[in-house]
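Structure record follows, encoded as structure tokens.
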Amino acid sequence: MYLESSTRGIGSVAFESPHPAPAATRILSAGLPHNIHNTGWDNYFSSTHNLEGLVGVTPCQKENHDGVVGLLFQFDDDHRECAGEVRLDSLGKSLDLRRDEGWALVFERRADARPYVSAIHLQHVGPDSDIVGYVNLTCSGELHWLWSPRQCYIMYEGQTSPQPVLWA
């Protein structure tokens, strides 16, 4: 693999091996949900994931960084998808999910009030005085994940994570 990089980032990527044949897997939808209110975010990224067939999730927790910065999803057809920032050198323990049971992302806020995923629970959670926010999920539906180096915002089936801090 060859990279052309500069102070502005990676300009080009090239591979020594031939272009692989397209896989016969489902096509992911592009774009953001219509109700997104992220106009004040700078340098944010987003992804949308259909969780049908989800069988496992692996959290990514960067060194010297609070909480979970991304998730690596494993599906029953052996494909994987990334939500948030996923680094192969920062993967945590894989968690097996059951189709008929729920799971949850739990949120806290940093000292500057920016929300982040602090934990993953293998069951649904409810209101708790120690929890800033949560999103209960199942192995179906559509998950929207927006993130920047400083915070994240998640939408799933009418639920949302704590509101992000908009900056000018």
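By convention here, the chains of the structure tokens are called A, B, ... in the order presented, each chain's residues are numbered starting at 1, and ligands are numbered starting at 1 in the order presented.
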Legend entry - stretch 134-148 of chain A environment, 8 Å, only C-alpha atoms, sequence neighbours closer than 2 positions dropped, as a PyMOL selection string: chain A and resi 32-33+42-55+83-85+97-107+124-126+131-132+150-157+159-162
Inset, instruction - List every residue of chain A that DSSP, applied to the backbone of this structure, places in strand (DSSP E), and write the result as a PyMOL selection string. - result: chain A and resi 2-6+9-14+45-50+54-60+70-75+80-84+95-96+103-109+115-121+133-137+142-147+152-156+159-160
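Between A:Pro149 and the residues A:His79, A:Lys93, A:Arg8, A:Lys62, the shortest atom-to-atom distance, using only C-alpha atoms, involves A:Lys62.
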Legend entry - Contact residues around A:Asp89 with only C-alpha atoms at 10 Å, ignoring same-chain residues under 2 positions, as number ranges by chain: A: 60-63, 86-87, 91-92
Inset, instruction - Rounded to one decimal place, report the atom CA of A:Leu122-atom CA of A:Phe75 distance in Å. - result: 16.6 Å
Legend entry - One-decimal distance in Å that lies between atom CA of A:Gly9 and atom CA of A:Ala111: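 Atom-to-atom, atom CA of A:Ala111 and atom CA of A:Gly9 are spaced 29.3 Å apart.
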Inset, instruction - Identify, on the basis of only C-alpha atoms, every residue whose closest approach to A:Val57 does not exceed 10 Å; exclude the query and any residue fewer than 4 positions from it along the same chain; express the result as a VMD selection string. - result: chain A and resid 71 to 75 80 to 82 92 to 97 120
Those same residues - N, CA and C atoms - I'd like them written as a PDB file, in the first residue's frame.
ATOM      1  N   LEU A  71     -16.905   1.616  17.517  1.00  0.00           N
ATOM      2  CA  LEU A  71     -17.359   0.236  17.625  1.00  0.00           C
ATOM      3  C   LEU A  71     -17.068  -0.502  16.330  1.00  0.00           C
ATOM      4  N   LEU A  72     -16.624  -1.739  16.457  1.00  0.00           N
ATOM      5  CA  LEU A  72     -16.462  -2.629  15.316  1.00  0.00           C
ATOM      6  C   LEU A  72     -17.590  -3.649  15.399  1.00  0.00           C
ATOM      7  N   PHE A  73     -18.512  -3.608  14.430  1.00  0.00           N
ATOM      8  CA  PHE A  73     -19.659  -4.510  14.415  1.00  0.00           C
ATOM      9  C   PHE A  73     -19.313  -5.777  13.648  1.00  0.00           C
ATOM     10  N   GLN A  74     -19.766  -6.934  14.156  1.00  0.00           N
ATOM     11  CA  GLN A  74     -19.632  -8.208  13.450  1.00  0.00           C
ATOM     12  C   GLN A  74     -21.046  -8.698  13.127  1.00  0.00           C
ATOM     13  N   PHE A  75     -21.264  -9.135  11.869  1.00  0.00           N
ATOM     14  CA  PHE A  75     -22.575  -9.578  11.421  1.00  0.00           C
ATOM     15  C   PHE A  75     -22.580 -11.069  11.125  1.00  0.00           C
ATOM     16  N   ARG A  80     -17.985  -6.986   8.514  1.00  0.00           N
ATOM     17  CA  ARG A  80     -17.776  -6.089   9.654  1.00  0.00           C
ATOM     18  C   ARG A  80     -17.969  -4.651   9.184  1.00  0.00           C
ATOM     19  N   GLU A  81     -18.391  -3.808  10.120  1.00  0.00           N
ATOM     20  CA  GLU A  81     -18.545  -2.385   9.853  1.00  0.00           C
ATOM     21  C   GLU A  81     -18.011  -1.611  11.056  1.00  0.00           C
ATOM     22  N   CYS A  82     -17.571  -0.379  10.798  1.00  0.00           N
ATOM     23  CA  CYS A  82     -17.028   0.478  11.852  1.00  0.00           C
ATOM     24  C   CYS A  82     -17.932   1.678  12.079  1.00  0.00           C
ATOM     25  N   GLY A  92     -10.929  -3.375  22.157  1.00  0.00           N
ATOM     26  CA  GLY A  92     -11.177  -4.011  23.446  1.00  0.00           C
ATOM     27  C   GLY A  92     -11.653  -5.431  23.239  1.00  0.00           C
ATOM     28  N   LYS A  93     -12.264  -5.976  24.277  1.00  0.00           N
ATOM     29  CA  LYS A  93     -12.780  -7.343  24.242  1.00  0.00           C
ATOM     30  C   LYS A  93     -14.081  -7.376  23.442  1.00  0.00           C
ATOM     31  N   SER A  94     -14.186  -8.348  22.527  1.00  0.00           N
ATOM     32  CA  SER A  94     -15.406  -8.509  21.736  1.00  0.00           C
ATOM     33  C   SER A  94     -16.545  -8.987  22.626  1.00  0.00           C
ATOM     34  N   LEU A  95     -17.724  -8.433  22.365  1.00  0.00           N
ATOM     35  CA  LEU A  95     -18.922  -8.792  23.127  1.00  0.00           C
ATOM     36  C   LEU A  95     -19.903  -9.496  22.194  1.00  0.00           C
ATOM     37  N   ASP A  96     -20.353 -10.688  22.570  1.00  0.00           N
ATOM     38  CA  ASP A  96     -21.341 -11.422  21.782  1.00  0.00           C
ATOM     39  C   ASP A  96     -22.727 -10.890  22.105  1.00  0.00           C
ATOM     40  N   LEU A  97     -23.530 -10.677  21.075  1.00  0.00           N
ATOM     41  CA  LEU A  97     -24.891 -10.173  21.245  1.00  0.00           C
ATOM     42  C   LEU A  97     -25.881 -11.242  20.824  1.00  0.00           C
ATOM     43  N   ILE A 120     -20.532   0.061  27.474  1.00  0.00           N
ATOM     44  CA  ILE A 120     -21.486  -0.748  26.730  1.00  0.00           C
ATOM     45  C   ILE A 120     -22.049  -1.767  27.713  1.00  0.00           C
TER      46      ILE A 120
END
